[in-house]
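Data block for query_5.cif (mmCIF, C-alpha atoms and all ligand atoms):
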data_protein
#
loop_
_atom_site.label_atom_id
_atom_site.label_comp_id
_atom_site.auth_asym_id
_atom_site.auth_seq_id
_atom_site.Cartn_x
_atom_site.Cartn_y
_atom_site.Cartn_z
CA MET A 17 -176.63 102.84 154.29
CA ARG A 18 -173.42 104.42 155.47
CA HIS A 19 -170.62 104.58 152.91
CA VAL A 20 -167.55 102.44 153.50
CA ASN A 21 -164.51 104.44 154.55
CA GLU A 22 -161.58 102.19 155.46
CA LEU A 23 -158.18 100.92 154.40
CA ARG A 24 -158.01 97.52 152.70
CA TRP A 25 -154.80 95.55 152.41
CA ASP A 26 -153.91 93.96 149.08
CA PRO A 27 -151.78 90.95 150.01
CA LEU A 28 -150.77 90.38 146.35
CA SER A 29 -149.18 93.75 145.73
CA ARG A 30 -148.61 94.38 149.43
CA GLU A 31 -150.18 97.82 149.55
CA TRP A 32 -153.04 99.69 151.16
CA ILE A 33 -156.08 100.90 149.26
CA ILE A 34 -158.12 103.76 150.66
CA VAL A 35 -161.81 102.97 150.25
CA ALA A 36 -163.80 106.19 150.40
CA GLY A 37 -167.30 105.51 149.15
CA HIS A 38 -168.54 108.92 150.19
CA ARG A 39 -166.23 110.55 147.65
CA SER A 40 -168.59 109.41 144.87
CA LYS A 41 -170.74 112.36 145.98
CA ARG A 42 -167.98 114.77 145.03
CA PRO A 43 -169.36 117.38 142.63
CA TRP A 44 -167.91 117.65 139.15
CA ARG A 45 -167.84 121.26 138.08
CA GLU A 46 -168.77 122.07 134.54
CA LYS A 47 -166.42 124.39 132.75
CA ASP A 48 -168.82 127.29 132.56
CA SER A 49 -170.28 126.63 135.95
CA THR A 50 -171.72 129.76 137.44
CA GLU A 51 -171.19 128.26 140.86
CA LYS A 52 -168.86 130.37 142.96
CA CYS A 53 -165.31 129.10 143.34
CA PRO A 54 -164.86 127.83 146.94
CA PHE A 55 -161.21 128.90 146.95
CA CYS A 56 -161.65 132.51 145.90
CA PRO A 57 -161.56 135.30 148.52
CA GLY A 58 -165.01 135.82 149.98
CA ALA A 59 -166.09 132.18 149.62
CA PRO A 60 -167.59 130.71 152.81
CA GLU A 61 -164.68 128.24 153.03
CA ILE A 62 -162.18 131.09 153.08
CA GLY A 63 -164.16 133.50 155.23
CA SER A 64 -163.58 137.20 155.32
CA ARG A 65 -159.80 136.98 155.49
CA SER A 66 -158.12 138.91 152.74
CA ASP A 67 -154.58 139.18 154.08
CA TRP A 68 -153.31 135.87 152.77
CA LYS A 69 -151.09 134.60 150.01
CA VAL A 70 -151.29 130.86 150.68
CA ILE A 71 -153.95 129.19 152.80
CA VAL A 72 -154.59 125.63 154.02
CA LEU A 73 -158.14 124.27 154.18
CA PRO A 74 -159.49 120.90 155.22
CA ASN A 75 -160.43 118.79 152.19
CA LYS A 76 -164.23 118.89 151.87
CA TYR A 77 -164.38 115.31 150.63
CA PRO A 78 -161.54 113.68 152.56
CA ALA A 79 -160.46 110.12 151.84
CA LEU A 80 -159.06 109.94 155.38
CA ILE A 81 -160.41 111.51 158.56
CA PRO A 82 -159.01 111.91 162.10
CA ASN A 83 -161.89 109.98 163.71
CA PRO A 84 -162.93 107.34 161.21
CA PRO A 85 -165.58 104.66 161.74
CA GLU A 86 -164.59 101.10 162.55
CA PRO A 87 -163.98 98.98 159.42
CA SER A 88 -167.06 97.45 157.78
CA ILE A 89 -165.97 93.86 158.46
CA VAL A 90 -164.03 92.03 161.15
CA SER A 91 -160.50 91.28 160.09
CA SER A 92 -159.86 87.72 158.90
CA LYS A 93 -156.68 85.94 157.84
CA LEU A 94 -156.93 87.28 154.30
CA MET A 95 -159.32 90.22 154.43
CA LYS A 96 -157.60 92.88 156.44
CA PRO A 97 -159.33 96.21 156.78
CA SER A 98 -158.02 99.04 158.89
CA LYS A 99 -159.31 102.43 159.94
CA ALA A 100 -159.02 105.22 157.35
CA GLN A 101 -157.44 107.50 159.89
CA GLY A 102 -155.57 110.48 158.51
CA ILE A 103 -155.91 114.08 157.42
CA CYS A 104 -156.56 115.44 153.93
CA GLU A 105 -155.93 119.10 153.26
CA VAL A 106 -156.01 121.49 150.34
CA VAL A 107 -153.37 124.19 149.91
CA ILE A 108 -154.75 127.21 148.07
CA GLU A 109 -151.67 128.57 146.36
CA THR A 110 -152.91 132.08 145.67
CA PRO A 111 -156.05 134.20 146.09
CA SER A 112 -156.20 134.71 142.32
CA HIS A 113 -158.45 132.28 140.48
CA GLU A 114 -156.28 131.77 137.40
CA GLY A 115 -152.68 131.01 136.63
CA ASP A 116 -149.95 128.88 138.14
CA PHE A 117 -146.60 129.14 139.92
CA ASP A 118 -144.96 130.70 136.87
CA ILE A 119 -146.95 133.89 137.23
CA LEU A 120 -146.54 134.18 141.00
CA PRO A 121 -143.55 136.16 142.31
CA LEU A 122 -140.67 134.04 143.58
CA GLY A 123 -141.33 135.16 147.19
CA HIS A 124 -144.91 133.94 146.91
CA VAL A 125 -143.75 130.45 145.89
CA VAL A 126 -141.32 130.49 148.84
CA GLU A 127 -144.32 131.19 151.04
CA TYR A 128 -146.04 128.18 149.43
CA ILE A 129 -143.06 125.99 150.40
CA ASN A 130 -143.01 127.45 153.91
CA THR A 131 -146.68 126.53 154.22
CA LEU A 132 -145.97 122.95 153.14
CA VAL A 133 -143.14 122.66 155.65
CA ASN A 134 -145.23 124.04 158.52
CA GLU A 135 -148.14 121.80 157.65
CA GLN A 136 -145.90 118.75 157.44
CA ILE A 137 -144.39 119.44 160.86
CA LYS A 138 -147.87 119.88 162.31
CA LEU A 139 -149.25 116.70 160.76
CA LEU A 140 -146.30 114.55 161.83
CA LYS A 141 -147.02 115.45 165.45
CA LYS A 142 -150.22 113.40 165.22
CA PRO A 143 -149.45 109.88 166.41
CA PHE A 144 -151.59 108.26 163.68
CA ILE A 145 -149.79 109.96 160.79
CA LYS A 146 -146.87 107.96 159.40
CA TYR A 147 -146.19 109.83 156.17
CA VAL A 148 -147.06 113.18 154.62
CA ALA A 149 -147.75 113.00 150.88
CA ILE A 150 -147.68 116.37 149.11
CA PHE A 151 -148.84 116.65 145.52
CA LYS A 152 -150.55 118.77 142.94
CA ASN A 153 -152.97 117.64 140.25
CA LYS A 154 -153.70 120.20 137.60
CA GLY A 155 -156.08 120.08 134.68
CA ARG A 156 -159.49 118.76 133.75
CA GLU A 157 -157.86 116.05 131.61
CA ILE A 158 -156.63 114.39 134.79
CA GLY A 159 -159.85 114.84 136.67
CA VAL A 160 -159.38 118.17 138.43
CA SER A 161 -162.55 120.16 138.15
CA LEU A 162 -161.52 123.07 140.33
CA THR A 163 -159.32 125.40 138.32
CA HIS A 164 -158.29 127.64 141.21
CA PRO A 165 -154.55 126.87 141.74
CA HIS A 166 -154.24 124.38 144.59
CA SER A 167 -152.17 121.47 145.88
CA GLN A 168 -153.05 118.70 148.30
CA ILE A 169 -151.58 117.18 151.43
CA TYR A 170 -152.45 113.69 152.66
CA GLY A 171 -151.39 112.82 156.18
CA LEU A 172 -151.32 109.03 155.72
CA PRO A 173 -151.48 106.32 158.41
CA PHE A 174 -148.94 104.25 156.41
CA ILE A 175 -145.89 104.76 154.21
CA PRO A 176 -146.81 104.60 150.51
CA LYS A 177 -145.46 101.62 148.58
CA LYS A 178 -143.63 103.81 146.07
CA ILE A 179 -141.75 105.55 148.88
CA LEU A 180 -140.89 102.20 150.50
CA ASP A 181 -139.58 100.92 147.16
CA GLU A 182 -137.43 104.01 146.65
CA TYR A 183 -136.21 103.76 150.24
CA GLU A 184 -135.10 100.16 149.59
CA SER A 185 -133.20 101.29 146.47
CA PHE A 186 -131.44 104.06 148.41
CA LYS A 187 -130.59 101.71 151.23
CA THR A 188 -129.23 98.97 148.98
CA TYR A 189 -127.18 101.46 146.96
CA TYR A 190 -125.77 103.04 150.08
CA LYS A 191 -124.73 99.68 151.45
CA GLU A 192 -123.06 98.69 148.18
CA HIS A 193 -121.40 101.99 147.28
CA GLY A 194 -121.14 103.95 150.51
CA ILE A 195 -122.92 106.92 148.91
CA CYS A 196 -126.50 108.05 148.38
CA LEU A 197 -127.98 106.99 145.03
CA LEU A 198 -129.30 110.44 144.09
CA CYS A 199 -126.12 112.20 145.28
CA ASP A 200 -124.28 109.92 142.87
CA ILE A 201 -126.74 110.58 140.02
CA VAL A 202 -126.49 114.34 140.60
CA ARG A 203 -122.68 114.09 140.54
CA GLU A 204 -122.72 112.16 137.27
CA GLU A 205 -125.30 114.41 135.61
CA ILE A 206 -123.40 117.56 136.53
CA ALA A 207 -120.22 116.00 135.12
CA THR A 208 -121.71 114.64 131.87
CA LYS A 209 -124.49 117.22 131.36
CA LYS A 210 -126.51 114.59 129.53
CA HIS A 211 -129.93 115.14 131.06
CA ILE A 212 -129.79 118.45 132.89
CA ILE A 213 -132.25 121.09 131.72
CA TYR A 214 -131.58 123.77 134.33
CA GLU A 215 -129.37 124.37 137.33
CA ASN A 216 -129.31 126.86 140.18
CA LYS A 217 -127.10 127.00 143.26
CA TYR A 218 -128.87 124.21 145.17
CA PHE A 219 -130.99 122.23 142.68
CA ILE A 220 -130.96 120.72 139.21
CA ILE A 221 -133.89 120.17 136.88
CA LEU A 222 -133.51 116.92 135.00
CA PHE A 223 -135.15 114.94 132.22
CA PRO A 224 -134.05 111.66 133.76
CA PHE A 225 -132.56 108.77 131.78
CA TYR A 226 -135.35 106.67 133.29
CA ALA A 227 -138.28 108.98 132.43
CA LYS A 228 -141.51 107.00 132.15
CA TRP A 229 -143.89 109.73 130.99
CA PRO A 230 -143.29 112.00 127.99
CA TYR A 231 -141.24 115.02 129.05
CA GLU A 232 -141.18 113.79 132.65
CA ILE A 233 -139.16 116.18 134.80
CA HIS A 234 -137.40 115.65 138.12
CA VAL A 235 -135.92 118.18 140.52
CA TYR A 236 -133.00 117.00 142.66
CA SER A 237 -131.24 118.85 145.46
CA LYS A 238 -127.48 119.02 144.96
CA LYS A 239 -126.86 118.67 148.66
CA HIS A 240 -127.91 115.49 150.42
CA ILE A 241 -131.26 116.41 151.95
CA SER A 242 -133.95 113.87 152.75
CA SER A 243 -136.92 116.02 153.70
CA LEU A 244 -138.39 119.46 153.02
CA THR A 245 -138.06 120.36 156.68
CA GLN A 246 -134.25 120.32 156.37
CA LEU A 247 -134.19 123.14 153.79
CA ASN A 248 -133.05 126.55 155.01
CA ILE A 249 -134.65 129.70 153.64
CA GLU A 250 -132.04 130.14 150.89
CA GLU A 251 -132.56 126.56 149.74
CA ARG A 252 -136.34 126.95 149.86
CA THR A 253 -136.00 130.02 147.65
CA HIS A 254 -133.98 128.02 145.13
CA LEU A 255 -136.50 125.17 145.24
CA ALA A 256 -139.27 127.72 144.58
CA ASP A 257 -137.20 128.93 141.62
CA THR A 258 -137.08 125.42 140.11
CA ILE A 259 -140.83 124.91 140.59
CA ARG A 260 -141.49 128.15 138.71
CA VAL A 261 -139.13 127.10 135.93
CA VAL A 262 -140.63 123.60 135.53
CA VAL A 263 -144.18 124.95 135.42
CA SER A 264 -143.17 127.59 132.91
CA ILE A 265 -141.49 124.89 130.77
CA TYR A 266 -144.71 122.85 130.80
CA ASN A 267 -146.83 125.90 130.04
CA ASN A 268 -144.68 126.66 127.00
CA LEU A 269 -143.83 123.16 125.82
CA PHE A 270 -146.22 122.78 122.90
CA GLU A 271 -147.71 126.15 122.27
CA LYS A 272 -146.67 129.46 123.68
CA GLU A 273 -148.33 129.95 127.04
CA LYS A 274 -150.82 127.10 126.63
CA GLU A 275 -151.24 125.39 129.98
CA ILE A 276 -151.04 121.60 130.01
CA PRO A 277 -152.23 119.29 132.78
CA TYR A 278 -149.58 117.92 135.07
CA ILE A 279 -148.91 116.13 138.33
CA MET A 280 -146.25 117.28 140.79
CA VAL A 281 -145.18 115.07 143.71
CA PHE A 282 -142.74 115.59 146.56
CA HIS A 283 -140.80 112.46 147.46
CA GLN A 284 -139.38 112.66 150.96
CA LYS A 285 -138.04 110.09 153.37
CA PRO A 286 -140.31 108.16 155.69
CA PRO A 287 -140.20 110.24 158.90
CA GLU A 288 -138.60 107.55 161.06
CA ALA A 289 -136.13 106.38 158.42
CA ASN A 290 -132.39 106.85 158.38
CA ASP A 291 -131.47 110.20 156.74
CA ASN A 292 -128.79 108.53 154.63
CA TYR A 293 -131.31 106.33 152.83
CA PHE A 294 -133.44 108.91 151.08
CA HIS A 295 -132.82 111.98 148.96
CA LEU A 296 -135.51 114.66 148.55
CA HIS A 297 -136.78 115.05 145.00
CA LEU A 298 -139.77 116.34 143.07
CA GLU A 299 -141.28 114.48 140.12
CA PHE A 300 -143.48 116.04 137.44
CA TYR A 301 -145.56 113.98 135.00
CA GLN A 302 -147.74 115.16 132.13
CA PRO A 303 -149.55 113.04 129.52
CA TYR A 304 -148.89 114.78 126.20
CA ARG A 305 -146.52 113.33 123.59
CA ASP A 306 -147.40 116.14 121.24
CA LYS A 307 -149.84 119.04 121.11
CA ASP A 308 -152.82 116.73 120.74
CA LYS A 309 -151.44 113.22 121.22
CA LYS A 310 -151.76 111.77 124.68
CA LYS A 311 -149.97 108.94 126.38
CA TYR A 312 -152.30 106.69 128.37
CA ALA A 313 -151.27 104.33 131.12
CA ALA A 314 -153.06 101.18 129.91
CA GLY A 315 -152.64 97.40 129.89
CA ILE A 316 -148.89 97.04 129.94
CA GLU A 317 -148.44 99.96 132.35
CA LEU A 318 -151.35 99.37 134.75
CA GLY A 319 -151.59 95.61 134.38
CA PHE A 320 -147.90 94.81 134.47
CA GLY A 321 -146.15 97.93 135.76
CA VAL A 322 -144.12 98.13 132.54
CA PHE A 323 -143.88 101.56 130.98
CA THR A 324 -143.40 102.15 127.30
CA HIS A 325 -141.88 105.54 126.64
CA ASP A 326 -143.25 106.38 123.20
CA LEU A 327 -140.86 109.19 122.26
CA ASP A 328 -137.16 109.55 121.53
CA PRO A 329 -135.54 110.83 124.72
CA ARG A 330 -132.72 112.44 122.72
CA GLU A 331 -135.27 114.65 120.99
CA GLU A 332 -137.16 115.35 124.20
CA ILE A 333 -134.11 116.72 126.01
CA VAL A 334 -133.41 119.08 123.07
CA LYS A 335 -137.00 120.32 123.13
CA LEU A 336 -136.99 120.69 126.91
CA ARG A 337 -133.78 122.72 126.83
CA GLU A 338 -135.06 124.97 124.06
CA THR A 339 -138.33 125.44 125.94
CA CYS A 340 -136.40 126.21 129.14
CA LYS A 341 -134.71 129.17 127.45
CA ARG A 342 -138.01 130.50 126.16
CA ALA A 343 -139.89 129.72 129.37
CA THR A 344 -137.39 131.46 131.65
CA SER A 345 -137.52 134.58 129.47
CA PHE A 346 -141.15 134.96 130.55
CA LEU A 347 -140.25 134.83 134.27
CA ASP A 348 -139.59 138.07 136.10
CA GLU A 349 -136.77 136.55 138.14
CA VAL A 350 -134.60 133.48 137.61
CA LEU A 351 -131.85 132.22 139.97
CA GLY A 352 -130.08 129.74 137.68
CA LYS A 353 -129.38 128.93 134.06
CA CYS A 354 -130.78 126.69 131.34
CA TYR A 355 -128.49 124.22 129.57
ZN ZN A 401 -161.20 130.71 142.60
ZN ZN A 402 -128.27 112.12 148.53
FE FE A 403 -139.16 109.37 143.50
#

If you convert what's in this file into structure tokens, what do you get?
Ligand code: ZN
Ligand code: ZN
Ligand code: FE
Amino acid sequence: MRHVNELRWDPLSREWIIVAGHRSKRPWREKDSTEKCPFCPGAPEIGSRSDWKVIVLPNKYPALIPNPPEPSIVSSKLMKPSKAQGICEVVIETPSHEGDFDILPLGHVVEYINTLVNEQIKLLKKPFIKYVAIFKNKGREIGVSLTHPHSQIYGLPFIPKKILDEYESFKTYYKEHGICLLCDIVREEIATKKHIIYENKYFIILFPFYAKWPYEIHVYSKKHISSLTQLNIEERTHLADTIRVVVSIYNNLFEKEKEIPYIMVFHQKPPEANDNYFHLHLEFYQPYRDKDKKKYAAGIELGFGVFTHDLDPREEIVKLRETCKRATSFLDEVLGKCY
């Protein structure tokens, strides 16, 4: 029996679900697996190339494919399937098997951003791609069995609900106040310095007032920019700087140089949307409240969409700022300053 690979519409929450039955065959790598890493130089996936810093590969177990099968059932009034048409890619961030952005030179992380931008432009040329979702999952605790540093790109055939919700907030705020919501937040945060952790010429790193996860971190551009493709090379360099700083903060948050799992997402405007109604930002989530205490998204979070933030944000900002100072001292090059 062929596995089901299709989109299914949830009319209650008004969002698409990607059904990808074949992904159950995805291998889970044991920690001490002797299996060769597929992302290391010399692996068949990579080929004989050795002259690379960042490389993009097709996802071996894609949730979406360019030529998907027809949906498993005929659409009815309430059961609406659609083709799982899209492109899933993996971005290998470095040839070296260990480490993270904080040990890569700044120029290397700029190359990573350049790769994302080029890939996004390429994917948006496909008529079936409506949104490019860029993210990184790191750590076995959140289900990532491949330790080789990598990010992912999903060329989606729809705009994700979270992005649509944010877009509505931006649009409403703009109509009411005549200014972009995040431009206004950045202005207030720079004036009050209440939640800023770090600032360089073009970006701020923030522990937002509305953090859901423990030590959640956001990166906001100071200038109104709605998509990665609008960043010039100087701005990309400063964005790379903030990514290095955030990752170094996380890697030094609880114990010196102990890596913690995290998620990084790029929130950009829907491609066709009005530039005024979205402001580019990065969000970082990690599950730890303390060295060995984890926050789980459970009943109230998953069942009701209500987050409980189980820490005192006033203490978190102090810890994040202290960690920023320590974390940046480990970096070979820093373009801004901690608060
Ligand atoms: Zn590797
Ligand atoms: Zn803005
Ligand atoms: Fe967002």

Item checked: Minimum-distance residue to ligand ZN 401 (chain A), chosen among A:Lys228, A:His211, A:Lys141, A:His113 (using only C-alpha atoms and all ligand atoms) ->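 Looking only at the distances to ligand ZN 401 (chain A), the closest residue turns out to be A:His113.
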
Next item on the list: State, in Å with one decimal place, the distance from CA of Tyr301 (chain A) to CA of Val202 (chain A).
Entry: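 Atom-to-atom, CA of Tyr301 (chain A) and CA of Val202 (chain A) are spaced 19.9 Å apart.
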
Next item on the list: For ligand ZN 401 (chain A), list the contacting residues at 7 Å or closer, counting all atoms listed in the file, as a PyMOL selection string.
Entry: chain A and resi 53-56+112-113+164

Next item on the list: Would you list the contacts of Pro74 (chain A) as a ChimeraX atom specification, taking every protein, DNA or RNA residue within 12 Å and counting all atoms listed in the file, but skipping same-chain residues closer than 2 positions in sequence?
Entry: /A:55,61-62,71-72,76-82,102-108,135,167-171

Notebook entry, point to check: Can you tell me, as a ChimeraX atom specification, what residues are no more than 10 Å from Pro230 (chain A) when counting all atoms listed in the file, ignoring any on the same chain fewer than 2 positions away?
Noted result: /A:223,227-228,232-233,301-306,310-311,324-329,332
